[in-house]
>>> print(open('start_31.cif').read())   # mmCIF, C-alpha atoms (C1' of nucleotides)
data_upload
loop_
_atom_site.label_atom_id
_atom_site.label_comp_id
_atom_site.auth_asym_id
_atom_site.auth_seq_id
_atom_site.Cartn_x
_atom_site.Cartn_y
_atom_site.Cartn_z
CA MET A 1 -33.63 -2.99 5.62
CA ALA A 2 -33.13 0.22 7.53
CA ALA A 3 -30.63 2.50 5.80
CA VAL A 4 -28.64 3.12 8.95
CA ALA A 5 -28.05 -0.60 9.51
CA THR A 6 -26.98 -1.06 5.88
CA ARG A 7 -24.64 1.88 6.19
CA GLU A 8 -23.05 0.36 9.27
CA GLN A 9 -22.68 -2.96 7.48
CA ILE A 10 -20.97 -1.24 4.57
CA VAL A 11 -18.58 0.59 6.87
CA ALA A 12 -17.77 -2.60 8.79
CA ALA A 13 -17.11 -4.57 5.60
CA ALA A 14 -15.05 -1.75 4.08
CA ASP A 15 -13.04 -1.45 7.30
CA ARG A 16 -12.12 -5.13 7.19
CA LEU A 17 -11.39 -5.14 3.44
CA PHE A 18 -9.29 -1.95 3.58
CA TYR A 19 -7.26 -3.48 6.40
CA HIS A 20 -6.80 -6.87 4.76
CA GLY A 21 -6.23 -5.84 1.14
CA GLY A 22 -5.45 -2.14 1.25
CA TYR A 23 -7.63 0.84 0.34
CA GLU A 24 -6.93 1.16 -3.37
CA HIS A 25 -6.95 -2.58 -3.99
CA THR A 26 -10.46 -2.83 -2.51
CA SER A 27 -13.16 -2.07 -5.08
CA PHE A 28 -16.81 -1.17 -4.78
CA ALA A 29 -17.56 -4.61 -6.16
CA ASP A 30 -15.62 -6.20 -3.28
CA ILE A 31 -17.52 -4.26 -0.65
CA ALA A 32 -20.84 -4.83 -2.41
CA GLY A 33 -20.15 -8.55 -2.55
CA ALA A 34 -19.29 -8.65 1.15
CA VAL A 35 -22.50 -6.83 2.14
CA GLY A 36 -24.71 -8.48 -0.48
CA LEU A 37 -25.73 -5.36 -2.37
CA SER A 38 -25.50 -4.43 -6.01
CA ARG A 39 -22.52 -2.33 -6.97
CA GLY A 40 -24.44 0.48 -8.65
CA ASN A 41 -26.64 1.06 -5.65
CA PHE A 42 -23.76 2.21 -3.48
CA TYR A 43 -24.23 5.75 -4.61
CA TYR A 44 -27.35 5.91 -2.49
CA HIS A 45 -25.35 5.38 0.72
CA PHE A 46 -21.97 6.89 -0.18
CA LYS A 47 -21.42 9.32 -2.97
CA SER A 48 -17.77 8.30 -3.47
CA LYS A 49 -15.12 5.86 -2.36
CA ASP A 50 -13.47 8.64 -0.39
CA ALA A 51 -16.70 9.07 1.56
CA ILE A 52 -16.55 5.41 2.61
CA LEU A 53 -12.94 5.85 3.71
CA ASP A 54 -13.96 8.89 5.71
CA ALA A 55 -16.69 6.89 7.44
CA VAL A 56 -14.28 4.02 8.10
CA ILE A 57 -11.77 6.37 9.72
CA ASP A 58 -14.52 7.94 11.83
CA ALA A 59 -15.60 4.48 12.96
CA ARG A 60 -12.02 3.55 13.84
CA LEU A 61 -11.62 6.77 15.80
CA ALA A 62 -14.77 6.00 17.77
CA ASP A 63 -13.67 2.39 18.38
CA THR A 64 -10.24 3.55 19.50
CA ARG A 65 -11.71 6.09 21.94
CA ARG A 66 -13.86 3.35 23.42
CA MET A 67 -10.82 1.08 23.77
CA LEU A 68 -8.75 3.78 25.46
CA GLU A 69 -11.56 4.46 27.92
CA GLN A 70 -11.75 0.77 28.71
CA TRP A 71 -8.01 0.64 29.34
CA GLU A 72 -8.31 3.57 31.68
CA ALA A 73 -11.11 1.82 33.54
CA GLU A 74 -9.25 -1.48 33.78
CA ALA A 75 -5.66 -0.42 34.43
CA PRO A 76 -5.26 1.72 37.55
CA THR A 77 -1.70 2.97 36.95
CA PRO A 78 -0.38 4.98 33.99
CA ALA A 79 2.39 2.42 33.47
CA GLY A 80 -0.18 -0.35 33.37
CA ARG A 81 -2.15 1.60 30.77
CA ILE A 82 0.91 2.14 28.61
CA MET A 83 1.59 -1.58 28.83
CA ARG A 84 -1.93 -2.23 27.57
CA TYR A 85 -0.96 -0.33 24.47
CA VAL A 86 2.38 -2.14 24.16
CA GLU A 87 0.66 -5.50 24.48
CA ILE A 88 -1.76 -4.98 21.60
CA VAL A 89 0.98 -6.32 19.33
CA LEU A 90 0.61 -9.56 21.31
CA THR A 91 -3.16 -9.43 21.60
CA ASN A 92 -3.60 -8.84 17.88
CA ARG A 93 -0.55 -10.82 16.78
CA ALA A 94 -2.48 -13.04 14.37
CA ASP A 95 -3.91 -10.12 12.39
CA ILE A 96 -0.68 -8.15 12.62
CA GLN A 97 1.32 -10.99 11.16
CA ASP A 98 -1.12 -11.24 8.26
CA TYR A 99 -1.94 -7.59 7.61
CA GLY A 100 0.31 -5.35 9.73
CA CYS A 101 -0.92 -2.50 11.91
CA PRO A 102 -4.27 -1.10 10.71
CA VAL A 103 -3.22 2.47 11.49
CA GLY A 104 0.34 2.26 10.18
CA THR A 105 -0.45 0.48 6.93
CA LEU A 106 -3.35 2.78 6.10
CA THR A 107 -1.30 5.90 6.75
CA THR A 108 1.62 4.56 4.73
CA GLU A 109 -0.64 3.71 1.79
CA LEU A 110 -2.47 7.04 1.78
CA ALA A 111 0.85 8.90 1.93
CA LYS A 112 2.01 7.13 -1.24
CA LEU A 113 -1.29 7.83 -2.99
CA GLU A 114 -1.05 11.49 -1.95
CA HIS A 115 -4.63 10.96 -0.88
CA ALA A 116 -6.71 13.83 0.45
CA MET A 117 -7.81 11.70 3.41
CA LEU A 118 -4.25 11.29 4.71
CA GLY A 119 -4.82 14.00 7.28
CA GLN A 120 -7.90 12.23 8.57
CA ALA A 121 -5.95 8.97 8.93
CA GLY A 122 -3.27 10.87 10.81
CA ARG A 123 -5.83 11.63 13.50
CA LEU A 124 -5.78 7.95 14.43
CA PHE A 125 -2.07 8.18 15.18
CA THR A 126 -2.55 11.48 16.99
CA LEU A 127 -5.26 9.96 19.17
CA PHE A 128 -2.85 7.31 20.44
CA ARG A 129 -0.02 9.83 20.70
CA THR A 130 -2.05 12.22 22.83
CA TRP A 131 -3.33 9.44 25.08
CA LEU A 132 0.15 7.98 25.60
CA ARG A 133 1.51 11.45 26.30
CA GLU A 134 -1.10 11.91 29.02
CA GLN A 135 -0.05 8.66 30.65
CA PHE A 136 3.59 9.78 30.73
CA VAL A 137 2.53 13.09 32.25
CA LEU A 138 0.76 11.11 34.97
CA LEU A 139 4.01 9.20 35.39
CA GLU A 140 5.56 12.58 36.20
CA HIS A 141 7.58 12.81 33.00
CA ALA A 142 5.69 15.78 31.64
CA GLU A 143 8.82 17.25 30.15
CA GLN A 144 9.58 14.28 27.90
CA ALA A 145 6.01 12.99 27.70
CA ASP A 146 5.58 13.56 23.97
CA GLU A 147 8.98 12.12 23.10
CA LEU A 148 8.27 9.02 25.15
CA ALA A 149 4.84 8.67 23.54
CA MET A 150 6.44 8.83 20.09
CA HIS A 151 8.98 6.22 21.15
CA VAL A 152 6.23 3.83 22.22
CA LEU A 153 4.37 4.42 18.95
CA ALA A 154 7.56 3.75 16.96
CA PHE A 155 8.04 0.54 18.92
CA SER A 156 4.61 -0.76 17.96
CA GLN A 157 5.02 0.19 14.31
CA GLY A 158 8.44 -1.40 14.07
CA VAL A 159 7.25 -4.62 15.66
CA ALA A 160 4.18 -4.69 13.40
CA VAL A 161 6.19 -4.29 10.19
CA MET A 162 8.70 -6.95 11.21
CA ALA A 163 6.05 -9.36 12.46
CA ASN A 164 4.23 -8.96 9.17
CA ALA A 165 7.42 -9.58 7.21
CA PHE A 166 8.76 -12.54 9.19
CA HIS A 167 5.76 -14.07 11.01
CA ASP A 168 7.82 -14.57 14.14
CA GLU A 169 5.78 -14.76 17.35
CA ALA A 170 8.81 -15.19 19.59
CA PHE A 171 10.18 -11.92 18.24
CA ILE A 172 6.99 -10.09 19.22
CA GLN A 173 7.14 -11.53 22.74
CA ARG A 174 10.81 -10.57 23.15
CA GLU A 175 10.19 -7.01 22.01
CA VAL A 176 7.25 -6.62 24.39
CA ASP A 177 9.43 -7.92 27.25
CA ARG A 178 12.15 -5.48 26.27
CA MET A 179 9.61 -2.66 26.27
CA ARG A 180 8.31 -3.65 29.71
CA GLU A 181 11.81 -3.41 31.14
CA TRP A 182 12.34 -0.07 29.45
CA LEU A 183 9.10 1.23 30.90
CA HIS A 184 10.12 0.16 34.41
CA THR A 185 13.04 2.62 34.27
CA TYR A 186 10.44 5.38 33.94
CA GLU A 187 8.24 4.23 36.80
CA ARG A 188 8.52 5.63 40.23
CA MET B 1 19.05 2.50 -28.22
CA ALA B 2 20.60 -0.67 -26.91
CA ALA B 3 18.03 -2.96 -25.33
CA VAL B 4 20.09 -3.45 -22.20
CA ALA B 5 20.28 0.29 -21.54
CA THR B 6 16.53 0.66 -22.09
CA ARG B 7 15.90 -2.24 -19.74
CA GLU B 8 17.99 -0.58 -17.06
CA GLN B 9 16.14 2.68 -17.58
CA ILE B 10 12.82 0.88 -17.17
CA VAL B 11 13.97 -0.82 -13.98
CA ALA B 12 15.30 2.44 -12.55
CA ALA B 13 12.08 4.30 -13.36
CA ALA B 14 9.90 1.48 -12.02
CA ASP B 15 12.00 1.34 -8.86
CA ARG B 16 11.43 5.03 -8.19
CA LEU B 17 7.72 4.93 -9.07
CA PHE B 18 7.06 1.80 -7.00
CA TYR B 19 8.73 3.48 -4.05
CA HIS B 20 6.97 6.80 -4.43
CA GLY B 21 3.49 5.65 -5.39
CA GLY B 22 3.35 1.96 -4.51
CA TYR B 23 3.47 -1.09 -6.74
CA GLU B 24 -0.18 -1.53 -7.64
CA HIS B 25 -0.83 2.18 -8.05
CA THR B 26 1.98 2.41 -10.62
CA SER B 27 0.78 1.53 -14.13
CA PHE B 28 2.61 0.54 -17.30
CA ALA B 29 1.57 3.93 -18.65
CA ASP B 30 3.35 5.67 -15.75
CA ILE B 31 6.57 3.77 -16.31
CA ALA B 32 6.35 4.22 -20.08
CA GLY B 33 5.84 7.94 -19.63
CA ALA B 34 8.83 8.21 -17.31
CA VAL B 35 11.10 6.37 -19.74
CA GLY B 36 9.60 7.89 -22.89
CA LEU B 37 8.41 4.70 -24.51
CA SER B 38 5.01 3.63 -25.80
CA ARG B 39 2.96 1.54 -23.41
CA GLY B 40 2.33 -1.37 -25.75
CA ASN B 41 5.98 -1.84 -26.50
CA PHE B 42 6.76 -2.89 -22.94
CA TYR B 43 6.02 -6.48 -23.74
CA TYR B 44 9.26 -6.59 -25.70
CA HIS B 45 11.32 -5.93 -22.55
CA PHE B 46 9.13 -7.43 -19.80
CA LYS B 47 6.42 -9.94 -20.39
CA SER B 48 4.44 -8.87 -17.31
CA LYS B 49 4.27 -6.35 -14.50
CA ASP B 50 5.45 -9.01 -12.09
CA ALA B 51 8.57 -9.44 -14.20
CA ILE B 52 9.36 -5.75 -13.74
CA LEU B 53 8.87 -6.08 -10.00
CA ASP B 54 11.19 -9.06 -10.00
CA ALA B 55 13.85 -7.05 -11.82
CA VAL B 56 13.37 -4.11 -9.45
CA ILE B 57 13.85 -6.35 -6.42
CA ASP B 58 16.96 -7.90 -7.98
CA ALA B 59 18.35 -4.43 -8.62
CA ARG B 60 17.64 -3.39 -5.03
CA LEU B 61 19.33 -6.52 -3.74
CA ALA B 62 22.43 -5.76 -5.81
CA ASP B 63 22.43 -2.12 -4.71
CA THR B 64 22.06 -3.15 -1.07
CA ARG B 65 24.94 -5.61 -1.30
CA ARG B 66 27.12 -2.87 -2.74
CA MET B 67 26.11 -0.52 0.06
CA LEU B 68 26.86 -3.10 2.76
CA GLU B 69 30.29 -3.76 1.24
CA GLN B 70 30.97 -0.06 1.25
CA TRP B 71 29.98 0.20 4.91
CA GLU B 72 32.33 -2.65 5.73
CA ALA B 73 35.13 -0.89 3.89
CA GLU B 74 34.50 2.46 5.54
CA ALA B 75 33.63 1.50 9.12
CA PRO B 76 36.34 -0.50 10.86
CA THR B 77 34.36 -1.71 13.89
CA PRO B 78 31.17 -3.80 13.95
CA ALA B 79 29.48 -1.20 16.16
CA GLY B 80 30.39 1.50 13.66
CA ARG B 81 28.87 -0.58 10.87
CA ILE B 82 25.66 -1.12 12.79
CA MET B 83 25.50 2.62 13.38
CA ARG B 84 25.79 3.12 9.61
CA TYR B 85 22.61 1.13 9.29
CA VAL B 86 20.91 3.01 12.13
CA GLU B 87 21.83 6.34 10.58
CA ILE B 88 20.22 5.67 7.19
CA VAL B 89 16.99 6.97 8.70
CA LEU B 90 18.86 10.26 9.07
CA THR B 91 20.71 10.07 5.77
CA ASN B 92 17.52 9.34 3.83
CA ARG B 93 15.21 11.33 6.08
CA ALA B 94 13.76 13.42 3.25
CA ASP B 95 12.64 10.38 1.23
CA ILE B 96 11.54 8.50 4.34
CA GLN B 97 9.32 11.35 5.45
CA ASP B 98 7.70 11.42 2.02
CA TYR B 99 7.53 7.73 1.14
CA GLY B 100 8.58 5.63 4.15
CA CYS B 101 11.13 2.84 4.03
CA PRO B 102 11.47 1.31 0.53
CA VAL B 103 11.81 -2.20 1.94
CA GLY B 104 9.16 -1.98 4.63
CA THR B 105 6.48 -0.32 2.51
CA LEU B 106 6.98 -2.72 -0.41
CA THR B 107 6.80 -5.78 1.86
CA THR B 108 3.71 -4.44 3.61
CA GLU B 109 1.97 -3.74 0.31
CA LEU B 110 2.79 -7.12 -1.23
CA ALA B 111 1.59 -8.89 1.91
CA LYS B 112 -1.82 -7.21 1.59
CA LEU B 113 -2.02 -8.04 -2.10
CA GLU B 114 -1.08 -11.65 -1.34
CA HIS B 115 1.36 -11.15 -4.17
CA ALA B 116 3.52 -14.02 -5.39
CA MET B 117 6.61 -11.81 -5.25
CA LEU B 118 6.29 -11.28 -1.48
CA GLY B 119 8.94 -13.91 -0.83
CA GLN B 120 11.35 -12.14 -3.17
CA ALA B 121 10.79 -8.85 -1.37
CA GLY B 122 11.43 -10.61 1.92
CA ARG B 123 14.95 -11.34 0.74
CA LEU B 124 15.69 -7.62 1.05
CA PHE B 125 14.83 -7.74 4.74
CA THR B 126 16.76 -10.97 5.17
CA LEU B 127 19.82 -9.44 3.56
CA PHE B 128 19.92 -6.68 6.17
CA ARG B 129 19.03 -9.12 8.94
CA THR B 130 21.88 -11.48 8.07
CA TRP B 131 24.37 -8.66 7.74
CA LEU B 132 23.37 -7.09 11.07
CA ARG B 133 23.52 -10.51 12.72
CA GLU B 134 27.11 -10.93 11.49
CA GLN B 135 28.06 -7.60 12.99
CA PHE B 136 26.66 -8.61 16.39
CA VAL B 137 28.56 -11.89 16.16
CA LEU B 138 31.71 -9.86 15.61
CA LEU B 139 30.71 -7.84 18.69
CA GLU B 140 30.88 -11.15 20.56
CA HIS B 141 27.14 -11.45 21.06
CA ALA B 142 26.77 -14.52 18.91
CA GLU B 143 24.15 -15.99 21.18
CA GLN B 144 21.70 -13.08 20.84
CA ALA B 145 22.97 -11.88 17.45
CA ASP B 146 19.79 -12.60 15.53
CA GLU B 147 17.54 -11.12 18.22
CA LEU B 148 19.62 -7.97 18.30
CA ALA B 149 19.57 -7.76 14.50
CA MET B 150 15.78 -8.01 14.52
CA HIS B 151 15.62 -5.31 17.18
CA VAL B 152 17.67 -2.94 15.03
CA LEU B 153 15.49 -3.69 12.02
CA ALA B 154 12.34 -3.03 14.05
CA PHE B 155 13.85 0.26 15.21
CA SER B 156 14.37 1.45 11.63
CA GLN B 157 10.90 0.38 10.52
CA GLY B 158 9.23 2.03 13.48
CA VAL B 159 11.09 5.28 12.93
CA ALA B 160 10.31 5.19 9.20
CA VAL B 161 6.56 4.73 9.70
CA MET B 162 6.40 7.47 12.32
CA ALA B 163 8.58 9.87 10.34
CA ASN B 164 6.35 9.30 7.32
CA ALA B 165 3.22 9.92 9.41
CA PHE B 166 4.39 13.01 11.33
CA HIS B 167 7.25 14.53 9.30
CA ASP B 168 9.24 15.19 12.46
CA GLU B 169 13.00 15.44 11.94
CA ALA B 170 13.76 16.02 15.61
CA PHE B 171 12.03 12.75 16.40
CA ILE B 172 14.31 10.87 13.97
CA GLN B 173 17.40 12.45 15.52
CA ARG B 174 16.28 11.58 19.05
CA GLU B 175 15.58 7.97 18.15
CA VAL B 176 18.98 7.61 16.48
CA ASP B 177 20.64 9.06 19.60
CA ARG B 178 18.67 6.66 21.75
CA MET B 179 19.79 3.78 19.55
CA ARG B 180 23.42 4.87 19.75
CA GLU B 181 23.31 4.77 23.55
CA TRP B 182 21.62 1.38 23.45
CA LEU B 183 24.33 0.06 21.14
CA HIS B 184 27.06 1.29 23.50
CA THR B 185 25.78 -1.11 26.15
CA TYR B 186 26.63 -3.95 23.78
CA GLU B 187 30.11 -2.72 22.90
CA ARG B 188 33.21 -3.98 24.63
"C1'" DA C 1 23.00 -3.37 -52.32
"C1'" DA C 2 20.23 -6.95 -50.03
"C1'" DG C 3 18.85 -9.26 -46.17
"C1'" DA C 4 18.34 -10.19 -41.26
"C1'" DT C 5 17.90 -8.52 -36.71
"C1'" DC C 6 16.64 -5.28 -33.11
"C1'" DG C 7 13.74 -2.06 -31.11
"C1'" DT C 8 9.71 0.54 -31.58
"C1'" DA C 9 4.85 2.75 -32.30
"C1'" DG C 10 0.27 2.20 -32.28
"C1'" DG C 11 -3.64 0.01 -31.61
"C1'" DA C 12 -6.82 -4.00 -30.46
"C1'" DC C 13 -8.60 -6.68 -26.77
"C1'" DA C 14 -11.44 -8.06 -22.71
"C1'" DG C 15 -12.04 -6.83 -18.25
"C1'" DC C 16 -12.33 -3.90 -14.52
"C1'" DT C 17 -12.80 0.77 -12.21
"C1'" DG C 18 -15.72 4.63 -9.88
"C1'" DT C 19 -19.61 7.20 -11.00
"C1'" DC C 20 -24.24 8.09 -12.13
"C1'" DC C 21 -29.11 7.36 -13.83
"C1'" DT C 22 -33.50 5.23 -14.28
"C1'" DA C 23 -37.14 2.25 -13.13
"C1'" DG C 24 -39.48 -0.18 -9.86
"C1'" DA C 25 -40.36 -2.91 -5.51
"C1'" DG C 26 -41.83 -2.61 -0.76
"C1'" DC C 27 -43.89 -0.15 2.74
"C1'" DG C 28 -46.42 3.12 5.89
"C1'" DC C 29 -49.79 6.79 5.89
"C1'" DC C 30 -53.82 9.39 4.49
"C1'" DG D 1 -57.24 2.38 -3.00
"C1'" DG D 2 -53.75 5.73 -3.95
"C1'" DC D 3 -49.96 8.65 -2.72
"C1'" DG D 4 -45.22 9.33 -1.26
"C1'" DC D 5 -41.05 7.82 0.65
"C1'" DT D 6 -37.13 4.63 1.25
"C1'" DC D 7 -34.27 1.47 -0.65
"C1'" DT D 8 -32.84 -1.41 -4.33
"C1'" DA D 9 -31.30 -3.80 -8.93
"C1'" DG D 10 -29.42 -3.30 -13.12
"C1'" DG D 11 -27.20 -1.22 -16.45
"C1'" DA D 12 -24.93 2.73 -19.04
"C1'" DC D 13 -20.85 5.45 -19.22
"C1'" DA D 14 -16.05 6.91 -20.13
"C1'" DG D 15 -11.73 5.80 -18.78
"C1'" DC D 16 -8.14 3.00 -17.38
"C1'" DT D 17 -5.75 -1.59 -16.68
"C1'" DG D 18 -2.30 -5.41 -18.23
"C1'" DT D 19 -1.61 -8.09 -22.17
"C1'" DC D 20 -0.66 -9.08 -26.81
"C1'" DC D 21 -0.16 -8.50 -31.94
"C1'" DT D 22 1.16 -6.52 -36.22
"C1'" DA D 23 3.60 -3.50 -39.06
"C1'" DC D 24 7.51 -0.55 -39.76
"C1'" DG D 25 11.84 2.04 -39.29
"C1'" DA D 26 16.66 1.84 -38.05
"C1'" DT D 27 20.86 -0.53 -37.77
"C1'" DC D 28 24.20 -4.07 -38.64
"C1'" DT D 29 26.10 -7.99 -41.31
"C1'" DT D 30 27.33 -10.08 -45.42
#
>>> encode(input="start_31.cif", output="structure tokens")
Amino acid sequence: MAAVATREQIVAAADRLFYHGGYEHTSFADIAGAVGLSRGNFYYHFKSKDAILDAVIDARLADTRRMLEQWEAEAPTPAGRIMRYVEIVLTNRADIQDYGCPVGTLTTELAKLEHAMLGQAGRLFTLFRTWLREQFVLLEHAEQADELAMHVLAFSQGVAVMANAFHDEAFIQREVDRMREWLHTYER
Amino acid sequence: MAAVATREQIVAAADRLFYHGGYEHTSFADIAGAVGLSRGNFYYHFKSKDAILDAVIDARLADTRRMLEQWEAEAPTPAGRIMRYVEIVLTNRADIQDYGCPVGTLTTELAKLEHAMLGQAGRLFTLFRTWLREQFVLLEHAEQADELAMHVLAFSQGVAVMANAFHDEAFIQREVDRMREWLHTYER
DNA sequence: AAGATCGTAGGACAGCTGTCCTAGAGCGCC
DNA sequence: GGCGCTCTAGGACAGCTGTCCTACGATCTT
């Protein structure tokens, strides 16, 4: 098997396992089992568990950039684009109810572990923050753009934590509706 | 030393360590070191790690009930009491920036671990939810009381995750101000 | 003073962790 | 055929995990 394909398989499996079970709780043996490789052989592809996490974060950053570009292509207005972000809690509601937000839960876990890769994980949040800020600038709220971006991020994190805790789909829908109305007051 | 005092010391130390470093990441050795006991001797006080977690959750439930009673005694109006809840993200901002919300992060972690004690941890959320709902009933919004309670909970969780990720005190203050204005629209 | 009870230290136990090494299989190229 | 490279399996390694047991010191009761 080509090494590059195996590496991608490892990263994909690790991404899923880190999201579902948490970073520390996921062992080399778990990832090896998911990919179908022997545990000891991992050193050939990644020299440490941190290196896998680094690769997973890089992959998530790339995926996120692709998703944001797609949103920009599909939604013509900045408000529509912001709503695309807001609605991911609906789109991904099944996973969110089971595992929370992939970005929020990873960042929270790494902060508790005082893990060196915490800064890297923070780039995922910053990517969304910067993109949302740009949309609010386009909405002609340049002055408060960053504050509004942070508010939208906090919305999604709050909904994710509560949806994960209570498994309440109606709650998610209500909060998205509430957010849509709030966003309308910033449209022009 | 009296066994009951030692037990309380263990629970207090475990509570702090679980909050700061997470449940799974905290070992018997860590707790033993914090209390000044030998690791093997723990079996005398708690027959398993889950039993410690159970005791920690019970202690947090009792502490929370005390806090809610105090809020009721100190704040005469339901809106004032709700604001007491909203303002804990300011009151505890130092800890929240370092470790997130104690309730939210524990629930999120236990969900990923598929831990048997997840239901117990959920009672912490439910305690706040029920109390907030009662306050909105007193505000004569009985019909939407539970929805509004969930919205306030989501607010606090969102702010906690973002404050933990970005360490931004001004953001916390702005979100509390925003929440205060929102709450005014429900006062009469 | 003798005995029972309470709380403790220390270590044994199997099992798992991340890391690292060695040997060899499979393959293309000369 | 023989060389060299890529990729792999399997196991060794020290260290840690939660659990559990035994032996002993301190304290209290009678």
>>> residues_near_point(input="start_31.cif", point="(21.9, -5.2, -36.3)", cutoff="6 Å", atoms="only C-alpha atoms (C1' of nucleotides)", output="list of chain:residue names")
C:DT5, D:DT27, D:DC28
>>> interface_residues(input="start_31.cif", of="chain C", to="chain A", cutoff="12 Å", atoms="all atoms listed in the file", output="MDAnalysis selection string")
chainID C and resid 16:22 26:27
>>> axis_aligned_box(input="start_31.cif", around="region 11-15 of chain C", padding_each_side="8 Å", output="JSON")
{"center_x": -7.8, "center_y": -4.0, "center_z": -24.9, "size_x": 24.4, "size_y": 24.1, "size_z": 29.4}
>>> closest_residue(input="start_31.cif", among="A:Val35, A:Phe166, A:Val152, A:Gln70", to="Ala121 (chain B)", atoms="all atoms listed in the file")
A:Phe166
>>> closest_residue(input="start_31.cif", among="A:Tyr44, A:Tyr99, A:Trp71, A:Phe125", to="chain D", atoms="all atoms listed in the file")
A:Tyr44
>>> resolve_selection(input="start_31.cif", expression="the PyMOL selection byres ((chain D) within 10 of (chain A))", output="JSON, numbers by chain")
{"D": [6, 7, 8, 9, 10, 11]}
>>> write_last_selection(input="start_31.cif", atoms="C-alpha atoms (C1' of nucleotides)", output="PDB file, in the coordinates of the input")
ATOM      1  C1'  DT D   6     -37.130   4.630   1.250  1.00  0.00           C
ATOM      2  C1'  DC D   7     -34.270   1.470  -0.650  1.00  0.00           C
ATOM      3  C1'  DT D   8     -32.840  -1.410  -4.330  1.00  0.00           C
ATOM      4  C1'  DA D   9     -31.300  -3.800  -8.930  1.00  0.00           C
ATOM      5  C1'  DG D  10     -29.420  -3.300 -13.120  1.00  0.00           C
ATOM      6  C1'  DG D  11     -27.200  -1.220 -16.450  1.00  0.00           C
TER       7       DG D  11
END
>>> resolve_selection(input="start_31.cif", expression="the PyMOL selection byres ((chain D and resi 2) around 12)", output="PyMOL selection string")
(chain C and resi 29-30) or (chain D and resi 1+3-4)
>>> interface_residues(input="start_31.cif", of="chain A", to="chain B", cutoff="6 Å", atoms="only C-alpha atoms", output="short mmCIF file (atom, residue, chain, number, x, y, z; two decimals) with C-alpha atoms, in the frame of the given file")
data_model
loop_
_atom_site.label_atom_id
_atom_site.label_comp_id
_atom_site.auth_asym_id
_atom_site.auth_seq_id
_atom_site.Cartn_x
_atom_site.Cartn_y
_atom_site.Cartn_z
CA HIS A 20 -6.80 -6.87 4.76
CA GLY A 21 -6.23 -5.84 1.14
CA LYS A 112 2.01 7.13 -1.24
CA LEU A 113 -1.29 7.83 -2.99
CA ALA A 154 7.56 3.75 16.96
CA PHE A 155 8.04 0.54 18.92
CA GLN A 157 5.02 0.19 14.31
CA GLY A 158 8.44 -1.40 14.07
CA VAL A 159 7.25 -4.62 15.66
#
>>> resolve_selection(input="start_31.cif", expression="the PyMOL selection byres ((chain B and resi 79) around 9)", output="JSON, numbers by chain")
{"B": [75, 76, 77, 78, 80, 81, 82, 83, 84, 135, 136, 138, 139, 183, 184, 186, 187]}
>>> residues_around(input="start_31.cif", residues="Val56 (chain B)", least_positions_apart="2", cutoff="6 Å", atoms="all atoms listed in the file", output="list in words")
Val11, Asp15, Leu53, Asp54, Asp58 and Ala59 of chain B
>>> atom_distance(input="start_31.cif", atom1="CA of Gly33 (chain B)", atom2="CA of Ala5 (chain B)")
16.5 Å
>>> residues_around(input="start_31.cif", residues="DA4 (chain C)", least_positions_apart="2", cutoff="10 Å", atoms="only C-alpha atoms (C1' of nucleotides)", output="VMD selection string")
(chain C and resid 2 6) or (chain D and resid 28 to 30)
>>> atom_distance(input="start_31.cif", atom1="CA of Thr64 (chain A)", atom2="CA of Asp50 (chain A)")
20.8 Å
>>> closest_residue(input="start_31.cif", among="A:Arg123, A:Arg129, A:Arg93, A:Arg16", to="Leu61 (chain A)", atoms="only C-alpha atoms")
A:Arg123
>>> build_atoms(input="start_31.cif", residues="region 118-124 of chain B", atoms="N, CA, C and O atoms", output="tab-separated table (two decimals), in the frame of the given file")
chain	number	residue	atom	x	y	z
B	118	LEU	N	6.04	-11.65	-2.88
B	118	LEU	CA	6.29	-11.28	-1.48
B	118	LEU	C	7.55	-11.95	-0.94
B	118	LEU	O	8.35	-11.32	-0.23
B	119	GLY	N	7.74	-13.20	-1.29
B	119	GLY	CA	8.94	-13.91	-0.83
B	119	GLY	C	10.22	-13.26	-1.34
B	119	GLY	O	11.20	-13.13	-0.60
B	120	GLN	N	10.20	-12.84	-2.59
B	120	GLN	CA	11.35	-12.14	-3.17
B	120	GLN	C	11.65	-10.86	-2.39
B	120	GLN	O	12.80	-10.57	-2.06
B	121	ALA	N	10.60	-10.10	-2.12
B	121	ALA	CA	10.79	-8.85	-1.37
B	121	ALA	C	11.34	-9.13	0.02
B	121	ALA	O	12.15	-8.35	0.56
B	122	GLY	N	10.93	-10.25	0.60
B	122	GLY	CA	11.43	-10.61	1.92
B	122	GLY	C	12.94	-10.81	1.94
B	122	GLY	O	13.58	-10.62	2.99
B	123	ARG	N	13.50	-11.16	0.80
B	123	ARG	CA	14.95	-11.34	0.74
B	123	ARG	C	15.69	-10.04	1.03
B	123	ARG	O	16.83	-10.06	1.51
B	124	LEU	N	15.07	-8.91	0.73
B	124	LEU	CA	15.69	-7.62	1.05
B	124	LEU	C	15.84	-7.47	2.55
B	124	LEU	O	16.91	-7.08	3.05
